[in-house]
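Asker: Contents of run.csv (CSV, C-alpha atoms and all ligand atoms) are below:
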```
chain,number,residue,atom,x,y,z
A,126,MET,CA,-29.8,-12.7,0.5
A,127,ALA,CA,-26.2,-12.0,1.5
A,128,ASP,CA,-24.9,-8.5,0.8
A,129,LYS,CA,-23.3,-8.3,-2.6
A,130,LYS,CA,-19.5,-8.3,-2.5
A,131,ILE,CA,-17.7,-5.2,-3.8
A,132,VAL,CA,-14.2,-3.9,-4.5
A,133,ILE,CA,-13.0,-1.3,-2.0
A,134,THR,CA,-9.9,0.8,-2.9
A,135,ILE,CA,-8.0,2.9,-0.4
A,136,ASP,CA,-5.4,5.3,-1.9
A,137,GLY,CA,-3.5,8.2,-0.4
A,138,TRP,CA,-0.3,9.7,0.9
A,139,SER,CA,2.3,7.6,2.8
A,140,SER,CA,1.5,6.9,6.5
A,141,CYS,CA,-2.1,8.1,6.5
A,142,GLY,CA,-3.4,4.9,8.1
A,143,LYS,CA,-4.6,3.3,4.9
A,144,SER,CA,-3.6,-0.2,6.0
A,145,THR,CA,-5.3,0.2,9.5
A,146,LEU,CA,-8.6,1.0,7.9
A,147,ALA,CA,-8.2,-1.6,5.2
A,148,LYS,CA,-7.5,-4.3,7.7
A,149,GLN,CA,-10.5,-3.3,9.9
A,150,LEU,CA,-12.8,-3.4,6.9
A,151,ALA,CA,-11.5,-6.7,5.6
A,152,LYS,CA,-11.9,-8.3,9.0
A,153,ARG,CA,-15.5,-7.0,9.5
A,154,LEU,CA,-16.7,-7.8,6.0
A,155,GLN,CA,-14.7,-11.0,5.7
A,156,TYR,CA,-13.0,-9.7,2.6
A,157,THR,CA,-9.4,-10.3,1.4
A,158,TYR,CA,-7.0,-7.5,2.3
A,159,ILE,CA,-4.2,-6.8,-0.2
A,160,ASP,CA,-1.4,-4.3,0.7
A,161,SER,CA,-0.2,-3.4,-2.8
A,162,GLY,CA,2.6,-1.3,-1.4
A,163,ALA,CA,4.1,-4.5,0.1
A,164,MET,CA,4.4,-5.9,-3.5
A,165,TYR,CA,6.5,-2.9,-4.5
A,166,ARG,CA,8.5,-3.2,-1.3
A,167,ALA,CA,9.1,-6.9,-1.9
A,168,ILE,CA,10.3,-6.3,-5.5
A,169,THR,CA,12.6,-3.5,-4.2
A,170,LEU,CA,14.0,-6.0,-1.6
A,171,TYR,CA,14.7,-8.5,-4.3
A,172,PHE,CA,16.5,-5.8,-6.5
A,173,LEU,CA,18.6,-4.7,-3.6
A,174,ARG,CA,19.6,-8.2,-2.5
A,175,ASN,CA,20.5,-9.2,-6.0
A,176,ASN,CA,22.2,-6.0,-7.1
A,177,ILE,CA,19.8,-5.5,-10.0
A,178,ASN,CA,20.5,-2.4,-12.0
A,179,TRP,CA,17.0,-1.0,-12.2
A,180,GLN,CA,18.0,1.8,-14.6
A,181,ASP,CA,18.4,-1.0,-17.2
A,182,VAL,CA,15.1,-2.3,-18.7
A,183,ALA,CA,16.5,-5.7,-19.7
A,184,SER,CA,17.8,-6.3,-16.2
A,185,VAL,CA,14.5,-5.3,-14.7
A,186,LYS,CA,12.6,-7.6,-17.1
A,187,ALA,CA,14.9,-10.6,-16.4
A,188,ALA,CA,14.6,-10.0,-12.6
A,189,LEU,CA,10.8,-9.8,-12.7
A,190,GLU,CA,10.8,-13.2,-14.3
A,191,ASP,CA,12.5,-14.6,-11.2
A,192,ILE,CA,10.2,-13.0,-8.7
A,193,ASP,CA,7.2,-14.8,-7.3
A,194,ILE,CA,5.0,-12.9,-4.9
A,195,ASP,CA,2.1,-14.1,-2.9
A,196,PHE,CA,0.1,-13.4,0.2
A,197,ARG,CA,-0.5,-16.2,2.8
A,198,VAL,CA,-2.7,-15.9,5.9
A,199,ASN,CA,-1.0,-16.0,9.2
A,200,GLU,CA,-3.2,-18.3,11.2
A,201,THR,CA,-2.5,-16.5,14.5
A,202,THR,CA,-3.3,-13.0,13.3
A,203,GLY,CA,-5.7,-13.9,10.6
A,204,LEU,CA,-3.9,-11.4,8.3
A,205,GLY,CA,-2.2,-11.9,5.0
A,206,GLU,CA,1.6,-11.7,5.0
A,207,ILE,CA,3.7,-11.3,1.9
A,208,TYR,CA,6.0,-14.0,0.6
A,209,LEU,CA,8.9,-13.4,-1.9
A,210,ASN,CA,9.9,-16.6,-3.6
A,211,ASP,CA,8.5,-18.6,-0.7
A,212,GLU,CA,10.2,-16.5,2.0
A,213,ASN,CA,8.1,-14.5,4.5
A,214,VAL,CA,9.4,-10.9,4.1
A,215,GLU,CA,6.5,-9.1,5.8
A,216,TYR,CA,8.8,-7.5,8.4
A,217,LEU,CA,11.9,-7.1,6.3
A,218,ILE,CA,10.2,-4.9,3.7
A,219,ARG,CA,9.3,-2.3,6.3
A,220,ASP,CA,12.9,-1.4,6.9
A,221,LEU,CA,14.1,2.1,6.0
A,222,VAL,CA,16.7,0.6,3.6
A,223,VAL,CA,13.8,-0.6,1.4
A,224,ALA,CA,11.7,2.5,2.1
A,225,GLU,CA,14.5,4.7,0.7
A,226,LYS,CA,14.4,3.0,-2.7
A,227,VAL,CA,10.9,1.8,-3.1
A,228,SER,CA,9.5,4.9,-4.8
A,229,GLU,CA,12.2,4.8,-7.4
A,230,VAL,CA,11.4,1.1,-8.1
A,231,ALA,CA,7.7,1.7,-8.1
A,232,ALA,CA,8.1,4.3,-10.8
A,233,ILE,CA,9.4,1.8,-13.3
A,234,LYS,CA,6.9,0.9,-16.0
A,235,GLN,CA,7.7,-2.8,-16.2
A,236,VAL,CA,7.5,-3.2,-12.4
A,237,ARG,CA,4.1,-1.5,-12.4
A,238,GLU,CA,2.7,-3.6,-15.2
A,239,SER,CA,3.7,-6.8,-13.5
A,240,ALA,CA,2.3,-5.7,-10.1
A,241,VAL,CA,-1.0,-4.3,-11.5
A,242,ALA,CA,-1.6,-7.5,-13.6
A,243,GLN,CA,-1.3,-9.6,-10.4
A,244,GLN,CA,-3.5,-7.1,-8.4
A,245,ARG,CA,-6.3,-7.3,-10.9
A,246,LYS,CA,-6.3,-11.1,-10.8
A,247,MET,CA,-6.6,-10.9,-7.0
A,248,GLY,CA,-9.6,-8.7,-7.2
A,249,ALA,CA,-11.4,-10.5,-10.0
A,250,ALA,CA,-13.8,-12.3,-7.6
A,251,LYS,CA,-14.5,-9.0,-5.7
A,252,GLY,CA,-14.8,-9.1,-1.9
A,253,ILE,CA,-11.5,-7.3,-1.7
A,254,VAL,CA,-10.0,-4.3,0.1
A,255,MET,CA,-6.8,-3.1,-1.5
A,256,ASP,CA,-4.7,-0.1,-0.5
A,257,GLY,CA,-2.0,1.8,-2.4
A,258,ARG,CA,-1.6,4.8,-4.6
A,259,ASP,CA,-3.2,3.9,-7.9
A,260,ILE,CA,-5.8,1.4,-6.9
A,261,GLY,CA,-8.9,3.5,-7.6
A,262,THR,CA,-7.4,5.2,-10.6
A,263,VAL,CA,-5.7,2.5,-12.5
A,264,VAL,CA,-6.0,-1.0,-11.0
A,265,PHE,CA,-9.8,-1.0,-10.3
A,266,PRO,CA,-11.2,2.1,-12.0
A,267,ASP,CA,-14.7,0.6,-11.7
A,268,ALA,CA,-14.5,-0.2,-7.9
A,269,GLU,CA,-17.8,0.4,-6.1
A,270,LEU,CA,-16.1,2.2,-3.2
A,271,LYS,CA,-13.0,4.4,-3.5
A,272,ILE,CA,-11.5,6.2,-0.5
A,273,PHE,CA,-8.7,8.7,-0.7
A,274,MET,CA,-7.0,9.2,2.6
A,275,THR,CA,-5.0,12.2,3.7
A,276,ALA,CA,-3.7,13.8,7.0
A,277,ASP,CA,-1.5,16.7,8.0
A,278,ASN,CA,2.2,16.1,7.4
A,279,ALA,CA,3.3,16.5,11.0
A,280,VAL,CA,0.7,13.9,12.1
A,281,ARG,CA,1.8,11.4,9.5
A,282,VAL,CA,5.5,11.8,10.4
A,283,GLU,CA,4.8,11.3,14.1
A,284,ARG,CA,2.8,8.1,13.3
A,285,ARG,CA,5.4,6.6,11.1
A,286,PHE,CA,8.2,7.6,13.5
A,287,LYS,CA,6.4,5.7,16.4
A,288,GLU,CA,6.0,2.7,14.2
A,289,LEU,CA,9.7,2.5,13.1
A,290,TYR,CA,11.1,3.6,16.5
A,291,ALA,CA,9.6,0.6,18.2
A,292,LYS,CA,11.7,-1.6,15.9
A,293,ASN,CA,14.8,0.6,15.7
A,294,PRO,CA,15.5,3.1,18.5
A,295,ASN,CA,18.4,4.6,16.5
A,296,ILE,CA,16.0,6.1,14.0
A,297,THR,CA,15.5,9.9,14.0
A,298,ILE,CA,12.4,11.9,13.3
A,299,GLU,CA,14.4,13.9,10.7
A,300,GLU,CA,15.1,10.6,8.8
A,301,VAL,CA,11.5,9.6,8.8
A,302,LYS,CA,10.3,13.1,7.8
A,303,ASN,CA,12.8,13.2,4.9
A,304,ASN,CA,11.8,9.8,3.7
A,305,LEU,CA,8.1,10.5,3.8
A,306,GLU,CA,8.5,13.8,1.9
A,307,MET,CA,10.7,12.2,-0.7
A,308,ARG,CA,8.3,9.3,-1.3
A,309,ASP,CA,5.3,11.6,-1.5
A,310,TYR,CA,7.1,13.7,-4.1
A,311,ILE,CA,8.2,10.8,-6.3
A,312,ASP,CA,4.9,9.0,-5.9
A,313,SER,CA,2.9,12.0,-7.0
A,314,HIS,CA,5.2,13.2,-9.8
A,315,ARG,CA,6.1,10.0,-11.6
A,316,GLU,CA,5.1,9.5,-15.2
A,317,VAL,CA,3.3,6.1,-14.9
A,318,SER,CA,0.2,6.1,-12.6
A,319,PRO,CA,1.1,8.9,-10.2
A,320,LEU,CA,-0.7,9.1,-6.9
A,321,LYS,CA,-3.8,11.2,-7.5
A,322,GLN,CA,-7.3,11.2,-6.2
A,323,ALA,CA,-9.8,9.4,-8.4
A,324,GLU,CA,-12.6,11.8,-9.4
A,325,ASP,CA,-15.2,9.5,-7.8
A,326,ALA,CA,-13.3,8.9,-4.6
A,327,ILE,CA,-14.5,10.0,-1.1
A,328,VAL,CA,-11.8,12.1,0.6
A,329,LEU,CA,-11.1,11.0,4.2
A,330,ASP,CA,-8.9,13.4,6.2
A,331,ASN,CA,-8.1,11.7,9.5
A,332,THR,CA,-5.9,14.4,11.1
A,333,HIS,CA,-8.5,14.9,13.8
A,334,ILE,CA,-10.4,11.7,13.9
A,335,THR,CA,-9.7,8.3,15.6
A,336,PRO,CA,-9.3,5.0,13.8
A,337,ASP,CA,-12.6,3.9,15.3
A,338,GLU,CA,-14.4,7.0,14.0
A,339,GLN,CA,-13.0,6.5,10.5
A,340,PHE,CA,-13.9,2.8,10.6
A,341,LYS,CA,-17.5,3.7,11.3
A,342,MET,CA,-17.7,6.2,8.5
A,343,ALA,CA,-16.2,3.8,6.0
A,344,LEU,CA,-18.6,1.0,7.1
A,345,ALA,CA,-21.5,3.4,6.4
A,346,TRP,CA,-20.2,4.0,2.9
A,347,VAL,CA,-19.9,0.2,2.4
A,348,LYS,CA,-23.5,-0.3,3.6
A,349,GLU,CA,-24.8,2.3,1.1
A,350,ARG,CA,-23.1,0.4,-1.7
A,351,THR,CA,-24.0,-3.1,-0.8
A,352,ALA,CA,-27.6,-2.7,0.3
A,353,ALA,CA,-29.9,-4.7,-1.9
B,1,LIG,O1,2.0,1.9,1.0
B,1,LIG,P1,3.6,1.8,1.2
B,1,LIG,O2,4.2,3.0,1.9
B,1,LIG,O3,4.0,0.5,1.8
B,1,LIG,O4,4.1,1.8,-0.3
B,1,LIG,C1,5.4,1.7,-0.6
B,1,LIG,C2,5.8,2.5,-1.9
B,1,LIG,O5,5.2,1.8,-3.0
B,1,LIG,C3,5.3,3.9,-1.9
B,1,LIG,O6,6.3,4.8,-1.7
B,1,LIG,C4,4.7,4.0,-3.3
B,1,LIG,C5,4.6,2.7,-3.9
B,1,LIG,N1,3.3,2.3,-4.2
B,1,LIG,C6,2.8,2.5,-5.5
B,1,LIG,O7,3.5,3.2,-6.3
B,1,LIG,N2,1.6,2.1,-5.9
B,1,LIG,C7,0.8,1.4,-5.0
B,1,LIG,N3,-0.4,0.9,-5.5
B,1,LIG,C8,1.3,1.1,-3.7
B,1,LIG,C9,2.5,1.6,-3.3
```
Once you've parsed the file, please lay out its structure as structure tokens.
Ligand code: DC
Answerer:
Amino acid sequence: MADKKIVITIDGWSSCGKSTLAKQLAKRLQYTYIDSGAMYRAITLYFLRNNINWQDVASVKAALEDIDIDFRVNETTGLGEIYLNDENVEYLIRDLVVAEKVSEVAAIKQVRESAVAQQRKMGAAKGIVMDGRDIGTVVFPDAELKIFMTADNAVRVERRFKELYAKNPNITIEEVKNNLEMRDYIDSHREVSPLKQAEDAIVLDNTHITPDEQFKMALAWVKERTAA
């Protein structure tokens, strides 16, 4: 009998390598990978482009009606990419302009309600790995495997800097550090679904371990939970 399909949630601080692990797991297990942060980034991009005043609830509600988000598999990479109203925005949403506002937008109740409803639908059939901030606590509180990732601040800044510098050599390490600290603060202090570790999550600190080592550890946790 095939192993049973489960829901895997990966939450944690910004730039901990959550998506690296999530993609590895999804590929190996042939699960769907959903980057929930990409959804908040796409909504932020829409708000910025359309000058939506997100302090105003009515404007937020009206704008959300006009937003359609979905993930489509890129046949070359085999990975899902995010589409905002039929436009591929996978790369645009990684820009610092979006990163500077996304935590503010992700703290809005109506934005979260809309994103969480869609995330739950995506996970209804199980066989999913989703990463974010509230996936194990709010989106899938009954998930079979919950991982909470963390790493030292300096290591996280360095990793994100390398990623962004490759696309934009004008970026400074100070900018990246400030953005990361600001997002972590807002994400963990907001009123609605703040970033926090689920009580039944396994903590994975990857400051001193390689992506390959953490992948092996996570696979072992999956095995424990899917064995018949
Ligand atoms: O994972 P990321 O850095 O792409 O996420 C972008 C922002 O979205 C992050 O600052 C917090 C927010 N976010 C959230 O509030 N809840 C999630 N489930 C995922 C992301």
Asker: List the neighbours of Ala250 of chain A out to 12 Å using only C-alpha atoms; skip same-chain residues closer than 2 positions along the sequence, and give me the result as a list of chain:residue names.
Answerer: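 The contact residues come out as A:Lys129, A:Lys130, A:Ile131, A:Val132, A:Tyr156, A:Thr157, A:Gln244, A:Arg245, A:Lys246, A:Met247, A:Gly248, A:Gly252, A:Ile253, A:Val254.
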Asker: Which residue is closest to Leu189 of chain A? Choose from A:Thr201, A:Thr145, A:Gln235, A:Gln322 and count only C-alpha atoms.
Answerer: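 Checking each of A:Thr201, A:Thr145, A:Gln235, A:Gln322 against Leu189 of chain A, counting only C-alpha atoms, the winner is A:Gln235.
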Asker: I need the residue nearest ligand LIG 1 (chain B) from this list: A:Asn175, A:Ser228, A:Thr332, A:Ser239. Use only C-alpha atoms and all ligand atoms for the distance.
Answerer: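 Closest candidate: A:Ser228.
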Asker: Could you report the residues within 7 Å of ligand LIG 1 (chain B), using all atoms listed in the file, as a list in words?
Answerer: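 The distance check yields Ser139, Ser140, Ser161, Gly162, Ala163, Tyr165, Arg166, Ala224, Val227, Ser228, Ala231, Ala232, Asp256, Gly257, Arg258, Asp259, Ile260, Arg308, Asp309 and Asp312 of chain A.
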Asker: Could you please give me, as a PyMOL selection string, the residues of protein, DNA or RNA lying at most 12 Å from (5.3, -2.4, -18.2) in the coordinate frame of the file, considering all atoms listed in the file?
Answerer: chain A and resi 182-183+185-186+189+231-242+317-318
Asker: Quick one: of A:Ile296, A:Ala291, A:Phe273, A:Glu229, who's nearest to His314 of chain A, counting all atoms listed in the file?
Answerer: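 Of A:Ile296, A:Ala291, A:Phe273, A:Glu229, the one nearest His314 of chain A, counting all atoms listed in the file, is A:Glu229.
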Asker: Report the distance between atom CA of Gly261 of chain A and atom CA of Ala167 of chain A in Å, rounded to one decimal place.
Answerer: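 Result for atom CA of Gly261 of chain A versus atom CA of Ala167 of chain A: 21.6 Å, one decimal.
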Asker: Have a look at atom CA of Leu209 of chain A and atom CA of Asp195 of chain A and let me know their distance in Å, one decimal.
Answerer: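 According to the coordinates, atom CA of Leu209 of chain A and atom CA of Asp195 of chain A are separated by 6.9 Å.
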Asker: Excluding Leu204 of chain A and any residue of its chain fewer than 3 positions from it, enumerate the residues within 10 Å of it, using all atoms listed in the file, and give them as a PyMOL selection string.
Answerer: chain A and resi 148+151-152+157-159+196-201+207
Asker: What is the atom CA of Asn293 of chain A-atom CA of Leu146 of chain A distance in Å, reported with one decimal?
Answerer: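 Interatomic distance here is 24.7 Å.
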Asker: Which residue gives the smallest distance to Gln243 of chain A among A:Leu270, A:Leu217, A:Met164, A:Leu305, with only C-alpha atoms counted?
Answerer: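 Of A:Leu270, A:Leu217, A:Met164, A:Leu305, the one nearest Gln243 of chain A, counting only C-alpha atoms, is A:Met164.
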Asker: Extract, using all atoms listed in the file, all DNA, RNA and protein residues at most 9 Å from Val282 of chain A, discarding same-chain residues fewer than 3 positions from it, and format them as a ChimeraX atom specification.
Answerer: /A:140,277-279,285-287,298,301-302,305
Asker: Identify which of the residues A:Arg219, A:Thr134, A:Leu150, A:Asp128 lies closest to Lys292 of chain A, counting only C-alpha atoms when measuring atom-to-atom distances.
Answerer: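 Ranking A:Arg219, A:Thr134, A:Leu150, A:Asp128 by distance to Lys292 of chain A, first place goes to A:Arg219.
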